[in-house]
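**Q** If you scroll down you'll find the structure; I have some questions about it.
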Amino acid sequence: MEIIRTEGVRFFYDSGEKKIPALDGVNLSINEGEFVAIIGTNGSGKSTLAKHFNALLLPAEGKITVCGTDTKSEKDLWEIRKKVGMVFQNPDNEIVAAIVEDDIAFGPENLGIPTGEIRSRVDLALDAVNLKEFRKFSPAKLSGGQKQRLAIAGVIAMKTEILVLDEPTAMLDPQGRREILETVKKLHSAGMTIIYITHFMEEAAAAQKVVVMEKGKILKIGSPAEIFSDVKEMHRLGLEVPVAAEVAYRLRKKGINLPQKILTGHDLAAALKGL
Ligand code: ADP
Ligand code: MG
């Protein structure tokens, strides 16, 4: 079932200069429970699109619906914000409290949720992001990956259905990046709809569907295998492909017969062993 739909969305930032659309006719349909990655070079419109999903920005032209509700409908704004949670690049900007569990409780408290219910939501959220043993910690003591997991926990405590992450791993080390990807995969398995913007192609390869943006437009949509098998096209766009896909592409060019779907080191090793 469709959970988010964008139709002909155009958007312009107010900048006295000539009007260049940041989004230029975006049509996208995302299904409930889907894990969608959005990739594209800097300035291609990824963050602008992300901010449209929970009505932080509204389209100048076209329309966006979340669970059938138009994001322009002012009376439904809080319903939409409750359905669509956002996690941004810098975890330090998202922390509001001095203790981990208070930080997670902050959102539900603002919604006026009863105390008992908040407590059970905090427990659930801590469990979902694997931060149980840190509940009494100061967020300042956490690693970057832990801080981003705390930000995700805050969204989970709101009982959000859709999680939008805008380059959540950009400021993290490899360990932190792995933690976030594992957490996101787990949430997806539990039924959450995931929209994941990233520059790391290994992360995009974990999604079910990859959306490629360029100059405010969606250039193409496909499975990771489809998108990353066209290595030349990705390079032309100034994008990379997962390392294993790149190596497989070069081996194929040298006449080695490998299957199309090679996205991870594991895929590549298995294909080479099978030769
Ligand atoms: P991405 O997230 O893919 O890097 P953005 O959505 O941030 O792309 O940006 C899309 C376009 O909008 C770019 O040309 C960018 O310069 C412009 N833009 C983004 N944010 C603003 C802003 N606050 N004011 C003016 N222009 C902006
Ligand atoms: Mg961005």
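Labeling convention for the structure tokens: chains A, B, ... as they appear, residues from 1 per chain, ligands from 1 in order of appearance.
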Around ligand 2, out to 9 Å and counting only C-alpha atoms and all ligand atoms, which residues are there? I want them as an mmCIF file with C-alpha atoms, in the first residue's frame.

**A**
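To be explicit, this is the file written out as selection03.cif:
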data_model
loop_
_atom_site.group_PDB
_atom_site.id
_atom_site.type_symbol
_atom_site.label_atom_id
_atom_site.label_comp_id
_atom_site.auth_asym_id
_atom_site.auth_seq_id
_atom_site.Cartn_x
_atom_site.Cartn_y
_atom_site.Cartn_z
ATOM 1 C CA THR A 41 25.476 14.552 -6.019
ATOM 2 C CA ASN A 42 25.579 17.573 -3.696
ATOM 3 C CA GLY A 43 22.826 20.029 -4.531
ATOM 4 C CA SER A 44 20.713 17.507 -6.453
ATOM 5 C CA GLY A 45 17.740 18.152 -4.160
ATOM 6 C CA LYS A 46 17.820 15.205 -1.746
ATOM 7 C CA SER A 47 17.510 17.223 1.477
ATOM 8 C CA THR A 48 14.904 19.505 -0.034
ATOM 9 C CA ALA A 50 13.309 14.924 2.484
ATOM 10 C CA GLN A 89 23.383 14.652 9.612
ATOM 11 C CA ASP A 166 19.249 12.557 5.707
ATOM 12 C CA GLU A 167 22.889 11.470 5.540
ATOM 13 C CA ILE A 197 19.625 9.540 1.970
ATOM 14 C CA THR A 198 23.298 8.706 1.714
#

**Q** I'd like the contact shell of A:Ala128 - 12 Å cut-off, only C-alpha atoms, skipping same-chain residues fewer than 2 positions apart - returned as number ranges by chain.

**A** A: 121-126, 130-132, 149-157, 179-180, 182-190, 192

**Q** Go ahead and dump the residues you just picked, C-alpha atoms, as a PDB file, in the first residue's frame.

**A**
ATOM      1  CA  ARG A 121       7.849   3.829  24.860  1.00  0.00           C
ATOM      2  CA  VAL A 122      11.304   4.823  26.129  1.00  0.00           C
ATOM      3  CA  ASP A 123      12.067   1.188  27.012  1.00  0.00           C
ATOM      4  CA  LEU A 124      10.955   0.038  23.589  1.00  0.00           C
ATOM      5  CA  ALA A 125      12.977   2.719  21.824  1.00  0.00           C
ATOM      6  CA  LEU A 126      16.134   2.008  23.856  1.00  0.00           C
ATOM      7  CA  ASN A 130      20.425  -1.124  21.381  1.00  0.00           C
ATOM      8  CA  LEU A 131      21.180   1.624  23.896  1.00  0.00           C
ATOM      9  CA  LYS A 132      19.625   0.076  27.005  1.00  0.00           C
ATOM     10  CA  ARG A 149      20.952   5.904  17.441  1.00  0.00           C
ATOM     11  CA  LEU A 150      19.663   8.127  20.247  1.00  0.00           C
ATOM     12  CA  ALA A 151      18.158  10.451  17.631  1.00  0.00           C
ATOM     13  CA  ILE A 152      16.488   7.431  16.001  1.00  0.00           C
ATOM     14  CA  ALA A 153      15.197   6.306  19.414  1.00  0.00           C
ATOM     15  CA  GLY A 154      13.558   9.713  19.809  1.00  0.00           C
ATOM     16  CA  VAL A 155      11.683   9.133  16.570  1.00  0.00           C
ATOM     17  CA  ILE A 156      10.662   5.604  17.570  1.00  0.00           C
ATOM     18  CA  ALA A 157       9.258   6.899  20.865  1.00  0.00           C
ATOM     19  CA  GLU A 179      25.724   0.600  13.775  1.00  0.00           C
ATOM     20  CA  ILE A 180      23.313   2.920  11.997  1.00  0.00           C
ATOM     21  CA  GLU A 182      22.222  -2.361  11.284  1.00  0.00           C
ATOM     22  CA  THR A 183      19.697  -0.353  13.294  1.00  0.00           C
ATOM     23  CA  VAL A 184      17.912   0.813  10.162  1.00  0.00           C
ATOM     24  CA  LYS A 185      17.789  -2.728   8.741  1.00  0.00           C
ATOM     25  CA  LYS A 186      16.300  -3.966  12.006  1.00  0.00           C
ATOM     26  CA  LEU A 187      13.623  -1.253  11.992  1.00  0.00           C
ATOM     27  CA  HIS A 188      12.801  -2.066   8.390  1.00  0.00           C
ATOM     28  CA  SER A 189      12.429  -5.761   9.293  1.00  0.00           C
ATOM     29  CA  ALA A 190      10.047  -4.716  12.054  1.00  0.00           C
ATOM     30  CA  MET A 192       8.944   0.610   9.470  1.00  0.00           C
TER      31      MET A 192
END

**Q** Please compute the atom CA of A:Gln148-atom CA of A:Pro168 distance, one decimal, in Å.

**A**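 Result for atom CA of A:Gln148 versus atom CA of A:Pro168: 7.0 Å, one decimal.
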
**Q** Given the choices A:Val9, A:Ile38, A:Phe106, A:Asn27, which gets closest to A:Ala60 if the distance is worked out from only C-alpha atoms?

**A**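 The shortest atom-to-atom distance to A:Ala60 comes from A:Val9.
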
**Q** From the options A:Ala206, A:Val211, A:Ala248, A:Ile64, which residue's atoms come nearest to ligand 1, counting only C-alpha atoms and all ligand atoms?

**A**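 Between A:Ala206, A:Val211, A:Ala248, A:Ile64, the residue approaching ligand 1 most closely is A:Val211.
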
**Q** Residues of stretch 60-215 of chain A classed as strand (DSSP E) by DSSP on the backbone are to be reported as a ChimeraX atom specification.

**A** /A:61-66,69-70,84-87,162-166,193-197,209-214

**Q** Pull N, CA, C and O atoms from the residues just selected and write them as a CSV table (one decimal), in the first residue's frame.

**A**
chain,number,residue,atom,x,y,z
A,61,GLU,N,4.6,23.9,-6.5
A,61,GLU,CA,3.7,23.3,-7.4
A,61,GLU,C,3.7,21.8,-7.2
A,61,GLU,O,4.6,21.2,-6.7
A,62,GLY,N,2.5,21.2,-7.6
A,62,GLY,CA,2.4,19.8,-7.4
A,62,GLY,C,1.9,19.4,-6.0
A,62,GLY,O,1.5,20.4,-5.2
A,63,LYS,N,2.0,18.2,-5.6
A,63,LYS,CA,1.3,17.8,-4.4
A,63,LYS,C,2.1,16.6,-3.7
A,63,LYS,O,2.6,15.7,-4.4
A,64,ILE,N,2.0,16.6,-2.4
A,64,ILE,CA,2.6,15.4,-1.7
A,64,ILE,C,1.5,14.9,-0.7
A,64,ILE,O,0.9,15.7,0.0
A,65,THR,N,1.3,13.6,-0.7
A,65,THR,CA,0.4,13.0,0.3
A,65,THR,C,1.1,12.0,1.1
A,65,THR,O,2.0,11.3,0.7
A,66,VAL,N,0.8,12.0,2.4
A,66,VAL,CA,1.4,11.1,3.4
A,66,VAL,C,0.1,10.3,4.0
A,66,VAL,O,-0.8,11.0,4.5
A,69,THR,N,-3.0,12.0,3.1
A,69,THR,CA,-3.3,13.4,3.6
A,69,THR,C,-2.3,14.3,2.9
A,69,THR,O,-1.1,14.1,2.8
A,70,ASP,N,-2.9,15.4,2.3
A,70,ASP,CA,-2.1,16.4,1.6
A,70,ASP,C,-1.2,17.2,2.7
A,70,ASP,O,-1.7,17.6,3.7
A,84,VAL,N,5.8,11.0,10.2
A,84,VAL,CA,7.1,11.0,9.5
A,84,VAL,C,8.2,11.6,10.4
A,84,VAL,O,8.2,12.8,10.7
A,85,GLY,N,9.1,10.8,10.9
A,85,GLY,CA,10.2,11.2,11.7
A,85,GLY,C,11.5,11.5,10.9
A,85,GLY,O,11.7,10.8,9.9
A,86,MET,N,12.2,12.5,11.4
A,86,MET,CA,13.4,12.9,10.6
A,86,MET,C,14.7,12.7,11.5
A,86,MET,O,14.7,13.1,12.6
A,87,VAL,N,15.7,12.3,10.9
A,87,VAL,CA,17.1,12.2,11.5
A,87,VAL,C,18.0,12.9,10.5
A,87,VAL,O,18.1,12.5,9.4
A,162,ILE,N,7.1,6.3,9.5
A,162,ILE,CA,8.1,6.5,8.5
A,162,ILE,C,9.3,7.2,9.0
A,162,ILE,O,9.2,8.2,9.7
A,163,LEU,N,10.5,6.7,8.8
A,163,LEU,CA,11.7,7.3,9.2
A,163,LEU,C,12.5,7.8,8.0
A,163,LEU,O,12.8,7.0,7.1
A,164,VAL,N,12.7,9.1,8.0
A,164,VAL,CA,13.5,9.7,7.0
A,164,VAL,C,14.9,10.1,7.6
A,164,VAL,O,14.9,10.8,8.6
A,165,LEU,N,15.9,9.5,7.0
A,165,LEU,CA,17.3,9.8,7.5
A,165,LEU,C,18.1,10.5,6.4
A,165,LEU,O,18.2,10.0,5.3
A,166,ASP,N,18.5,11.8,6.7
A,166,ASP,CA,19.2,12.6,5.7
A,166,ASP,C,20.7,12.5,6.0
A,166,ASP,O,21.2,13.2,6.9
A,193,THR,N,8.7,2.0,7.5
A,193,THR,CA,9.1,2.5,6.2
A,193,THR,C,10.3,3.4,6.4
A,193,THR,O,10.4,4.3,7.2
A,194,ILE,N,11.3,3.1,5.5
A,194,ILE,CA,12.6,3.8,5.7
A,194,ILE,C,12.9,4.6,4.4
A,194,ILE,O,12.9,4.0,3.3
A,195,ILE,N,13.3,5.9,4.6
A,195,ILE,CA,13.8,6.7,3.4
A,195,ILE,C,15.2,7.1,3.9
A,195,ILE,O,15.3,7.9,4.8
A,196,TYR,N,16.2,6.7,3.1
A,196,TYR,CA,17.5,6.8,3.6
A,196,TYR,C,18.4,7.5,2.6
A,196,TYR,O,18.7,7.0,1.5
A,197,ILE,N,18.8,8.8,2.9
A,197,ILE,CA,19.6,9.5,2.0
A,197,ILE,C,21.1,9.3,2.4
A,197,ILE,O,21.4,9.4,3.5
A,209,LYS,N,15.0,-0.3,-2.9
A,209,LYS,CA,14.8,0.6,-4.1
A,209,LYS,C,15.8,1.7,-4.0
A,209,LYS,O,15.9,2.3,-2.9
A,210,VAL,N,16.4,2.1,-5.1
A,210,VAL,CA,17.3,3.2,-5.0
A,210,VAL,C,16.8,4.3,-6.0
A,210,VAL,O,16.4,4.0,-7.1
A,211,VAL,N,16.7,5.5,-5.5
A,211,VAL,CA,16.2,6.7,-6.3
A,211,VAL,C,17.4,7.5,-6.6
A,211,VAL,O,18.2,7.9,-5.6
A,212,VAL,N,17.7,7.8,-7.8
A,212,VAL,CA,18.9,8.6,-8.2
A,212,VAL,C,18.4,10.0,-8.6
A,212,VAL,O,17.5,10.2,-9.5
A,213,MET,N,18.9,11.0,-7.9
A,213,MET,CA,18.4,12.4,-8.2
A,213,MET,C,19.5,13.2,-8.9
A,213,MET,O,20.7,13.0,-8.6
A,214,GLU,N,19.1,14.1,-9.8
A,214,GLU,CA,20.1,15.0,-10.4
A,214,GLU,C,19.3,16.3,-10.7
A,214,GLU,O,18.2,16.3,-11.3

**Q** Using only C-alpha atoms, which of A:Asn93, A:Leu23, A:Lys159, A:Glu226 sits nearest A:Arg81?

**A**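 Among the listed residues, the smallest separation from A:Arg81 belongs to A:Lys159.
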
**Q** Write out as a PyMOL selection string the set of residues from stretch 6-241 of chain A that DSSP, computed on the backbone, places in alpha helix (DSSP H).

**A** chain A and resi 46-53+77-83+100-110+115-128+144-156+174-189+201-204+224-229+231-236

**Q** I need the residue nearest ligand 1 from this list: A:Lys147, A:Lys254, A:Arg10, A:His266. Use only C-alpha atoms and all ligand atoms for the distance.

**A**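 Of A:Lys147, A:Lys254, A:Arg10, A:His266, the one nearest ligand 1, counting only C-alpha atoms and all ligand atoms, is A:Arg10.
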
**Q** Of the candidates A:Ala207, A:Ile218, A:Cys67, A:Leu77, which one gets nearest to ligand 1 if we count only C-alpha atoms and all ligand atoms?

**A**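 For ligand 1, the nearest of the candidates is A:Ile218.
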
**Q** Using only C-alpha atoms, which residue out of A:Ile221, A:Ile30, A:Val100, A:Met158 lies closest to A:Ile80?

**A**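 Answer, going by the shortest atom-to-atom distance: A:Met158.
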
**Q** Could you give me, as a ChimeraX atom specification, the residues within 10 Å of A:Asn257, counting only C-alpha atoms and dropping anything in the same chain fewer than 5 positions from it?

**A** /A:248,251-252,271-272,275
